[in-house]
Each structure stands twice: as C-alpha cells, then as structure tokens.
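Enquirer: The structure follows.
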Amino acid sequence: MRILITDRHTRGDEHIEQDAVGPGVELEFFDHQDEVTDDAWARADGIVTYRGTAAVMAAVPMMQRARIVVRGGVGFDGLDLETLGQRDIAVCTVPDYGTTEVADHALSLMLALRRGLDRYDARMRSDPAGLWRYVESPCIDRLRGRTFGVLGLGRIGLAAARRAAAFDMNIVFHDPWLPDGADLSTGYRRVASPEELFETADTVSLHAPLSETTRHVANADRLARMKPGAILVNTSRGPTVDLDALYEALRAGCPAGAALDVLPDEPADDTHPLIRAYMAREEWLEGRLIITPHAAFYSPPGLVDLRSKAVQTAAARLHDGTLRNCQNERFLPD
C-alpha cells in the first residue's frame with residue numbers, strides 16, 4: 001500500500017506521517033507537486049496534496065491504482081469531484097485540523113485593525129519617544145456592543161462567533177445551509193441575505209467555502225452597503241472577495257478597513273493596485289489594510305494534526321473502504 005504526498009511541508013520529520021499510519025504503509029514524498037514523476041502517479045494507491053490540486057487533475061490519466069485523493073485542508077476547489085468519482089477515486093478533506101487557529105486568526109485580524117496595532121508598531125519602531133501618543137484611524141473602535149457578522153456559521157465560523165461574543169459583541173450570521181433553529185440553539189441572530197449581513201455588521205467575517213454562490217460574495221454592491229467604520233475580515237477562500245471591488249471601496253472610504261489572510265491569486269499578485277498600494281504604504285491606506293500569507297491555519301500542533309489526519313484519511317480508505325469527510329461520495333460507483 002503506497003500513499004503519495006505531492007508537496008510535503010518540511011524535510012526530516014516524515015515520521016509524523018509514518019507514525020500516523022503505522023507499519024505496512026509506504027509513503028512517497030515530493031517537495032513540490034510539479035516534481036511528481038509519472039511513475040509515482042501510476043503506483044500510488046492514495047494521494048495527499050496540499051497545494052497541488054491542478055497537478056492532481058492533470059495526472060488523472062496516469063493514475064492506475066489510486067482510490068483516494070485527500071486535500072490536506074478544508075477546501076477542495078480545483079478538484080473535479082465527478083471526474084474523480086467516476087474513476088472510483090474518493091475526494092476527502094481534513095476540515096477540522098485548524099478550526100481554532102483560523103478562528104483565533106480572524107479575531108486577531110479584527111483586533112489588529114480595531115486597536116491600530118500595525119500603526120502603533122510601525123511608529124514605535126521609527127520614533128518611540130517622539131510618537132508616544134495614540135493615533136486616529138477610521139478602523140479604531142471599541143468592540144463592546146458592536147455587531148460581528150459571520151458569513152458561514154460552520155465549524156470555523158461558529159468558533160469565531162463564540163470568540164467575538166466573549167468580547168461582548170452582538171453576533172449575526174447568514175448561512176443558507178444551516179437548518180431552521182440554528183439561531184435558537186446558538187443564541188445568535190440570523191439574517192436572511194448576504195446584503196442584510198453586510199448592512200448590519202460592524203465587522204463582516206467570511207467563513208464560507210468557495211462555490212459559484214460564494215465567489216465574489218464580497219462584491220462592489222455589498223461592500224457599498226457596509227456601515228461607516230465597518231471592516232471586512234477574510235480567512236476563508238481568496239476568491240470570495242472581489243479584490244478590484246475592494247480596492248475601489250477602500251479608496252471611497254467604505255469599508256473603513258480590511259484584513260485578508262487569503263487572496264484570489266496566491267502568492268500575492270504584486271501588480272494589483274491594492275497590493276501595490278499596500279506595499280508602498282500609501283498614506284490613504286495606512287492602518288486600513290492587513291494582509292497575512294494564508295497562514296491562519298498554522299500552529300506547530302495544528303500542522304501535525306493536518307499531516308497526520310490527511311494520511312490517516314487516505315489509509316482508512318485503502319485498509320477497509322472507510323470514507324471520512326468525503327466530498328464526492330455521490331459520484332462513486334455503488
């Protein structure tokens with residue numbers, strides 16, 4: 001039994017995966033998905049990929065033995081569920097490895113903007129004596145009594161909402177996939193549409209998977225509906241935000257700020273006007289935009305969880321057919 005890891009995180013600690021699956025499973029590691037050989041694709045019984053979904057799809061004709069592809073993460077956009085299912089290849093994910101880390105990161109991004117932490121840090125580095133005073137910023141505000149809006153009240157969205165509630169914020173959410181009564185069980189107010197969420201919340205935090213429904217869910221119309229002083233936080237998927245629209249909206253002053261851990265193009269496209277303005281520290285954007293490099297998921301124990309659970313999910317399918325967090329079961333042969 002052989003599991004291919006297309007793009008390992010680090011060298012020298014492959015025992016993490018081996019300990020997770022135990023003896024009897026052979027693991028084959030590559031540093032980058034583009035380095036995987038034709039023979040490696042052909043002999044793999046299971047495949048684990050982190051950033052290599054496009055490479056996986058390109059290699060489908062070479063897969064002779066594969067029965068499962070595990071996307072090491074929450075999202076699975078880029079994997080053709082039907083095509084893989086028709087070949088009896090299950091597509092599974094690891095949705096629970098970084099729940100608390102991503103929720104913590106979303107709240108940290110909000111706090112950094114609301115407390116002006118990036119501006120204070122930069123000022124203290126340049127002149128701690130001469131600039132020893134508070135700064136005024138359109139993003140700085142109190143949290144108590146403000147409204148935290150969650151788009152997508154799944155595992156991470158719920159964890160973020162609970163943290164925001166601990167800051168005495170009012171919680172509203174929009175999630176058309178949750179059954180009636182979710183508002184009663186959580187005590188959070190449900191709103192009927194994304195438009196209402198953007199109009200209501202002082203902080204809009206995105207926690208939705210990427211789909212045709214959620215692509216550009218933060219678009220020009222909805223950004224224009226945000227309150228004066230409101231901010232946008234995205235730790236979900238990059239294309240949920242229309243970056244062109246966000247640039248124009250920030251230029252116009254609404255929203256007051258944004259904090260992004262994910263971008264439509266990754267690594268960041270430094271030719272985009274918003275990224276260029278951010279890099280140049282243009283005055284109009286100071287204290288209003290924070291970008292982190294798709295790192296919300298990361299903590300040392302979180303990464304061990306991700307790597308262990310990814311290979312365990314692949315091994316379970318190969319051992320006895322068990323499917324965990326399968327995204328294309330409806331397309332698999334009966």
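Following the order of the structure tokens, first chain is A, next is B, and so on, with residues numbered from 1 inside each chain and ligands from 1 in the order they appear.
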DSSP on the backbone: which residues in stretch 105-276 of chain A end up as strand (DSSP E or B)? Give the answer as a ChimeraX atom specification.
Expert: /A:147-151,170-174,189-190,203-206,218,231-234,241,257-260
Enquirer: Near A:Ala296, within 10 Å and counting only C-alpha atoms, which residues show up once chain neighbours fewer than 4 positions away are dropped, as a list in words?
Expert: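 Final neighbour list, sorted by chain and number: Gly98, Thr99, Thr100, Glu101, Val102, Ala103, Asp104, His105, Ala106, Ser108, Leu109, Thr235, Ser236, Leu260, Asp261, Val262 and Thr292 of chain A.
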Enquirer: Compile a residue-level contact table for stretch 131-153 of chain A against stretch 195-218 of chain A at a cut-off of 9 Å, reporting for every qualifying residue the shortest atom pair and its distance in Å to one decimal, with only C-alpha atoms counted, rows ordered by chain and ascending number, as a tab-separated table.
Expert:
```
residue	atom	partner	partner_atom	distance
A:Arg146	CA	A:Asp202	CA	6.2
A:Thr147	CA	A:Ala201	CA	5.0
A:Phe148	CA	A:Thr203	CA	5.0
A:Gly149	CA	A:Val204	CA	4.7
A:Val150	CA	A:Ser205	CA	5.1
A:Leu151	CA	A:Leu206	CA	5.0
A:Gly152	CA	A:Ala208	CA	4.8
A:Leu153	CA	A:His207	CA	7.1
```
Enquirer: Could you please take those selected residues and save N, CA, C and O atoms as an mmCIF file, in the first residue's frame?
Expert:
```cif
data_model
loop_
_atom_site.group_PDB
_atom_site.id
_atom_site.type_symbol
_atom_site.label_atom_id
_atom_site.label_comp_id
_atom_site.auth_asym_id
_atom_site.auth_seq_id
_atom_site.Cartn_x
_atom_site.Cartn_y
_atom_site.Cartn_z
ATOM 1 N N ARG A 146 -20.696 46.310 19.622
ATOM 2 C CA ARG A 146 -20.671 46.314 18.165
ATOM 3 C C ARG A 146 -21.132 44.959 17.640
ATOM 4 O O ARG A 146 -21.209 43.974 18.376
ATOM 5 N N THR A 147 -21.431 44.899 16.340
ATOM 6 C CA THR A 147 -22.009 43.686 15.746
ATOM 7 C C THR A 147 -20.978 42.961 14.896
ATOM 8 O O THR A 147 -20.369 43.558 13.998
ATOM 9 N N PHE A 148 -20.798 41.693 15.199
ATOM 10 C CA PHE A 148 -19.885 40.814 14.471
ATOM 11 C C PHE A 148 -20.732 39.931 13.559
ATOM 12 O O PHE A 148 -21.551 39.145 14.020
ATOM 13 N N GLY A 149 -20.530 40.079 12.242
ATOM 14 C CA GLY A 149 -21.324 39.332 11.280
ATOM 15 C C GLY A 149 -20.541 38.192 10.672
ATOM 16 O O GLY A 149 -19.431 38.394 10.160
ATOM 17 N N VAL A 150 -21.106 37.007 10.714
ATOM 18 C CA VAL A 150 -20.444 35.802 10.222
ATOM 19 C C VAL A 150 -21.158 35.308 8.971
ATOM 20 O O VAL A 150 -22.354 35.018 9.001
ATOM 21 N N LEU A 151 -20.419 35.218 7.891
ATOM 22 C CA LEU A 151 -20.958 34.620 6.674
ATOM 23 C C LEU A 151 -20.459 33.181 6.609
ATOM 24 O O LEU A 151 -19.312 32.925 6.273
ATOM 25 N N GLY A 152 -21.321 32.250 6.987
ATOM 26 C CA GLY A 152 -20.957 30.838 7.035
ATOM 27 C C GLY A 152 -20.703 30.388 8.460
ATOM 28 O O GLY A 152 -19.578 30.502 8.961
ATOM 29 N N LEU A 153 -21.746 29.899 9.127
ATOM 30 C CA LEU A 153 -21.632 29.511 10.536
ATOM 31 C C LEU A 153 -21.347 28.015 10.645
ATOM 32 O O LEU A 153 -22.070 27.277 11.314
#
```
Enquirer: So which bits of stretch 59-159 of chain A end up alpha helix (DSSP H) when you DSSP the backbone, as number ranges by chain?
Expert: A: 81-86, 99-114, 117-126, 155-159
Enquirer: Using only N, CA and C atoms, please write the residues we just selected to a file, as an mmCIF file, in the first residue's frame.
Expert:
```
data_model
loop_
_atom_site.group_PDB
_atom_site.id
_atom_site.type_symbol
_atom_site.label_atom_id
_atom_site.label_comp_id
_atom_site.auth_asym_id
_atom_site.auth_seq_id
_atom_site.Cartn_x
_atom_site.Cartn_y
_atom_site.Cartn_z
ATOM 1 N N LEU A 81 -14.804 16.730 -8.788
ATOM 2 C CA LEU A 81 -15.375 15.653 -7.973
ATOM 3 C C LEU A 81 -15.977 14.556 -8.834
ATOM 4 N N GLU A 82 -16.666 14.946 -9.896
ATOM 5 C CA GLU A 82 -17.338 13.950 -10.732
ATOM 6 C C GLU A 82 -16.336 13.113 -11.516
ATOM 7 N N THR A 83 -15.357 13.748 -12.119
ATOM 8 C CA THR A 83 -14.355 13.012 -12.900
ATOM 9 C C THR A 83 -13.622 12.005 -12.032
ATOM 10 N N LEU A 84 -13.219 12.425 -10.853
ATOM 11 C CA LEU A 84 -12.507 11.511 -9.965
ATOM 12 C C LEU A 84 -13.448 10.423 -9.454
ATOM 13 N N GLY A 85 -14.667 10.784 -9.130
ATOM 14 C CA GLY A 85 -15.623 9.783 -8.649
ATOM 15 C C GLY A 85 -15.912 8.717 -9.676
ATOM 16 N N GLN A 86 -16.013 9.097 -10.941
ATOM 17 C CA GLN A 86 -16.283 8.123 -11.995
ATOM 18 C C GLN A 86 -15.152 7.122 -12.146
ATOM 19 N N THR A 99 -9.343 24.464 13.021
ATOM 20 C CA THR A 99 -10.540 25.228 13.364
ATOM 21 C C THR A 99 -10.236 26.348 14.347
ATOM 22 N N THR A 100 -9.567 26.022 15.430
ATOM 23 C CA THR A 100 -9.321 27.037 16.453
ATOM 24 C C THR A 100 -8.295 28.050 15.980
ATOM 25 N N GLU A 101 -7.277 27.584 15.230
ATOM 26 C CA GLU A 101 -6.266 28.528 14.745
ATOM 27 C C GLU A 101 -6.877 29.571 13.810
ATOM 28 N N VAL A 102 -7.725 29.135 12.873
ATOM 29 C CA VAL A 102 -8.309 30.079 11.923
ATOM 30 C C VAL A 102 -9.258 31.041 12.640
ATOM 31 N N ALA A 103 -10.033 30.526 13.570
ATOM 32 C CA ALA A 103 -10.918 31.405 14.339
ATOM 33 C C ALA A 103 -10.115 32.417 15.145
ATOM 34 N N ASP A 104 -9.033 31.961 15.773
ATOM 35 C CA ASP A 104 -8.165 32.877 16.513
ATOM 36 C C ASP A 104 -7.590 33.941 15.584
ATOM 37 N N HIS A 105 -7.197 33.514 14.376
ATOM 38 C CA HIS A 105 -6.581 34.436 13.425
ATOM 39 C C HIS A 105 -7.592 35.490 12.966
ATOM 40 N N ALA A 106 -8.811 35.056 12.704
ATOM 41 C CA ALA A 106 -9.845 36.010 12.281
ATOM 42 C C ALA A 106 -10.059 37.080 13.351
ATOM 43 N N LEU A 107 -10.141 36.657 14.602
ATOM 44 C CA LEU A 107 -10.323 37.637 15.681
ATOM 45 C C LEU A 107 -9.075 38.503 15.850
ATOM 46 N N SER A 108 -7.901 37.905 15.646
ATOM 47 C CA SER A 108 -6.666 38.682 15.764
ATOM 48 C C SER A 108 -6.590 39.764 14.698
ATOM 49 N N LEU A 109 -7.019 39.432 13.471
ATOM 50 C CA LEU A 109 -7.039 40.430 12.408
ATOM 51 C C LEU A 109 -7.996 41.572 12.750
ATOM 52 N N MET A 110 -9.170 41.210 13.256
ATOM 53 C CA MET A 110 -10.111 42.248 13.660
ATOM 54 C C MET A 110 -9.512 43.124 14.753
ATOM 55 N N LEU A 111 -8.908 42.505 15.746
ATOM 56 C CA LEU A 111 -8.342 43.257 16.853
ATOM 57 C C LEU A 111 -7.201 44.157 16.400
ATOM 58 N N ALA A 112 -6.385 43.649 15.470
ATOM 59 C CA ALA A 112 -5.259 44.451 14.987
ATOM 60 C C ALA A 112 -5.750 45.733 14.338
ATOM 61 N N LEU A 113 -6.826 45.634 13.538
ATOM 62 C CA LEU A 113 -7.386 46.834 12.927
ATOM 63 C C LEU A 113 -8.086 47.708 13.960
ATOM 64 N N ARG A 114 -8.887 47.092 14.806
ATOM 65 C CA ARG A 114 -9.696 47.875 15.750
ATOM 66 C C ARG A 114 -8.849 48.559 16.825
ATOM 67 N N LEU A 117 -2.960 48.208 15.872
ATOM 68 C CA LEU A 117 -1.693 47.624 16.308
ATOM 69 C C LEU A 117 -0.584 47.772 15.278
ATOM 70 N N ASP A 118 -0.922 47.642 13.974
ATOM 71 C CA ASP A 118 0.127 47.755 12.967
ATOM 72 C C ASP A 118 0.691 49.173 12.919
ATOM 73 N N ARG A 119 -0.159 50.164 13.100
ATOM 74 C CA ARG A 119 0.303 51.560 13.077
ATOM 75 C C ARG A 119 1.151 51.871 14.311
ATOM 76 N N TYR A 120 0.700 51.410 15.472
ATOM 77 C CA TYR A 120 1.489 51.663 16.677
ATOM 78 C C TYR A 120 2.859 50.989 16.584
ATOM 79 N N ASP A 121 2.889 49.769 16.079
ATOM 80 C CA ASP A 121 4.158 49.055 15.961
ATOM 81 C C ASP A 121 5.121 49.811 15.042
ATOM 82 N N ALA A 122 4.614 50.253 13.877
ATOM 83 C CA ALA A 122 5.467 50.977 12.937
ATOM 84 C C ALA A 122 5.968 52.282 13.544
ATOM 85 N N ARG A 123 5.104 53.004 14.271
ATOM 86 C CA ARG A 123 5.505 54.281 14.864
ATOM 87 C C ARG A 123 6.536 54.086 15.969
ATOM 88 N N MET A 124 6.356 53.063 16.797
ATOM 89 C CA MET A 124 7.321 52.827 17.859
ATOM 90 C C MET A 124 8.678 52.392 17.307
ATOM 91 N N ARG A 125 8.667 51.692 16.177
ATOM 92 C CA ARG A 125 9.938 51.296 15.554
ATOM 93 C C ARG A 125 10.680 52.508 14.990
ATOM 94 N N SER A 126 9.946 53.516 14.553
ATOM 95 C CA SER A 126 10.603 54.664 13.915
ATOM 96 C C SER A 126 11.005 55.744 14.914
ATOM 97 N N ARG A 155 -17.968 25.105 11.245
ATOM 98 C CA ARG A 155 -17.060 24.879 12.374
ATOM 99 C C ARG A 155 -16.262 26.128 12.718
ATOM 100 N N ILE A 156 -15.615 26.722 11.716
ATOM 101 C CA ILE A 156 -14.745 27.867 11.979
ATOM 102 C C ILE A 156 -15.572 29.120 12.251
ATOM 103 N N GLY A 157 -16.631 29.314 11.481
ATOM 104 C CA GLY A 157 -17.473 30.482 11.702
ATOM 105 C C GLY A 157 -18.068 30.502 13.099
ATOM 106 N N LEU A 158 -18.499 29.343 13.567
ATOM 107 C CA LEU A 158 -19.064 29.262 14.912
ATOM 108 C C LEU A 158 -17.996 29.542 15.960
ATOM 109 N N ALA A 159 -16.793 28.989 15.752
ATOM 110 C CA ALA A 159 -15.705 29.239 16.709
ATOM 111 C C ALA A 159 -15.347 30.714 16.748
#
```
Enquirer: Please, which residues in stretch 67-106 of chain A fall within 7 Å of stretch 36-51 of chain A when counting only C-alpha atoms, and what is the closest atom pair and distance in Å to one decimal for each, ordered by chain then residue number, as a tab-separated table?
Expert:
```
residue	atom	partner	partner_atom	distance
A:Arg67	CA	A:Gly46	CA	5.9
A:Ile68	CA	A:Gly46	CA	5.0
A:Val69	CA	A:Ile47	CA	4.7
A:Val70	CA	A:Val48	CA	4.7
A:Arg71	CA	A:Thr49	CA	5.2
A:Gly72	CA	A:Tyr50	CA	4.8
A:Gly73	CA	A:Tyr50	CA	6.8
```
Enquirer: Could you tell me how far atom CA of A:Lys309 lies from atom CA of A:Glu17, in Å and to one decimal?
Expert: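 Atom CA of A:Glu17 lies 8.7 Å from atom CA of A:Lys309.
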Enquirer: For A:Phe30, work out the shell of residues within 9 Å, counting only C-alpha atoms and skipping chain neighbours fewer than 3 positions away, then give it as a compact mmCIF listing (two decimals) with all heavy atoms, in the first residue's frame.
Expert:
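That gives us result.txt:
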```txt
# COMPACT_ATOMS: atom_id res chain seq x y z
N LEU A 4 1.11 8.64 -1.81
CA LEU A 4 1.94 9.70 -2.38
C LEU A 4 1.58 11.03 -1.72
O LEU A 4 0.40 11.41 -1.68
CB LEU A 4 1.70 9.76 -3.89
CG LEU A 4 2.15 11.02 -4.63
CD1 LEU A 4 3.66 11.12 -4.64
CD2 LEU A 4 1.60 11.01 -6.07
N ILE A 5 2.59 11.72 -1.21
CA ILE A 5 2.41 13.09 -0.71
C ILE A 5 3.06 14.01 -1.74
O ILE A 5 4.28 13.99 -1.93
CB ILE A 5 3.03 13.30 0.68
CG1 ILE A 5 2.26 12.50 1.74
CG2 ILE A 5 2.99 14.78 1.06
CD1 ILE A 5 2.75 11.10 1.95
N THR A 6 2.25 14.80 -2.42
CA THR A 6 2.75 15.54 -3.59
C THR A 6 3.61 16.74 -3.23
O THR A 6 4.44 17.17 -4.04
CB THR A 6 1.58 16.03 -4.47
OG1 THR A 6 0.85 17.05 -3.77
CG2 THR A 6 0.66 14.89 -4.85
N ASP A 7 3.42 17.31 -2.04
CA ASP A 7 4.10 18.57 -1.70
C ASP A 7 4.25 18.67 -0.18
O ASP A 7 3.49 19.36 0.47
CB ASP A 7 3.35 19.77 -2.26
CG ASP A 7 1.86 19.75 -1.96
OD1 ASP A 7 1.32 18.66 -1.68
OD2 ASP A 7 1.23 20.83 -1.99
N ARG A 8 5.27 17.98 0.32
CA ARG A 8 5.43 17.94 1.77
C ARG A 8 5.76 19.32 2.32
O ARG A 8 6.29 20.19 1.64
CB ARG A 8 6.53 16.95 2.13
CG ARG A 8 7.91 17.33 1.64
CD ARG A 8 8.94 16.37 2.16
NE ARG A 8 10.01 16.14 1.21
CZ ARG A 8 10.79 15.06 1.24
NH1 ARG A 8 10.60 14.12 2.15
NH2 ARG A 8 11.74 14.91 0.35
N GLN A 33 4.55 19.63 -6.08
CA GLN A 33 3.66 18.83 -6.92
C GLN A 33 4.14 18.71 -8.36
O GLN A 33 3.90 17.69 -9.02
CB GLN A 33 2.24 19.40 -6.89
CG GLN A 33 2.10 20.84 -7.36
CD GLN A 33 2.23 21.84 -6.23
OE1 GLN A 33 2.73 21.51 -5.15
NE2 GLN A 33 1.78 23.06 -6.45
N ASP A 34 4.86 19.71 -8.86
CA ASP A 34 5.34 19.66 -10.23
C ASP A 34 6.51 18.69 -10.40
O ASP A 34 6.91 18.40 -11.54
CB ASP A 34 5.75 21.05 -10.72
CG ASP A 34 4.57 22.00 -10.84
OD1 ASP A 34 3.42 21.50 -10.91
OD2 ASP A 34 4.78 23.22 -10.85
N GLU A 35 7.05 18.21 -9.28
CA GLU A 35 8.18 17.27 -9.34
C GLU A 35 7.73 15.82 -9.33
O GLU A 35 8.56 14.91 -9.52
CB GLU A 35 9.13 17.53 -8.18
CG GLU A 35 9.73 18.94 -8.17
CD GLU A 35 10.50 19.23 -6.89
OE1 GLU A 35 10.55 18.34 -6.00
OE2 GLU A 35 11.04 20.34 -6.77
N VAL A 36 6.45 15.57 -9.13
CA VAL A 36 5.97 14.19 -9.06
C VAL A 36 6.14 13.52 -10.43
O VAL A 36 5.73 14.07 -11.46
CB VAL A 36 4.49 14.15 -8.63
CG1 VAL A 36 4.00 12.70 -8.56
CG2 VAL A 36 4.31 14.84 -7.27
```
Enquirer: Which residue is closest to A:Leu303? Choose from A:Ala66, A:Leu243, A:Ala252, A:Ile16 and count only C-alpha atoms.
Expert: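 Closest residue, counting only C-alpha atoms: A:Ile16.
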Enquirer: Atom CA of A:Leu27 and atom CA of A:Ile3, how far apart in Å?
Expert: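 Pair atom CA of A:Ile3 / atom CA of A:Leu27 returns 5.0 Å.
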Enquirer: Would you mind listing what lies within 9 Å of A:Asp183 as a ChimeraX atom specification, with only C-alpha atoms counted and same-chain residues fewer than 5 positions away left out?
Expert: /A:172-173,188-190
Enquirer: Could you check how far atom CA of A:Pro61 sits from atom CA of A:Asp265, in Å to one decimal?
Expert: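 Taking atom CA of A:Pro61 and atom CA of A:Asp265, their separation equals 27.2 Å.
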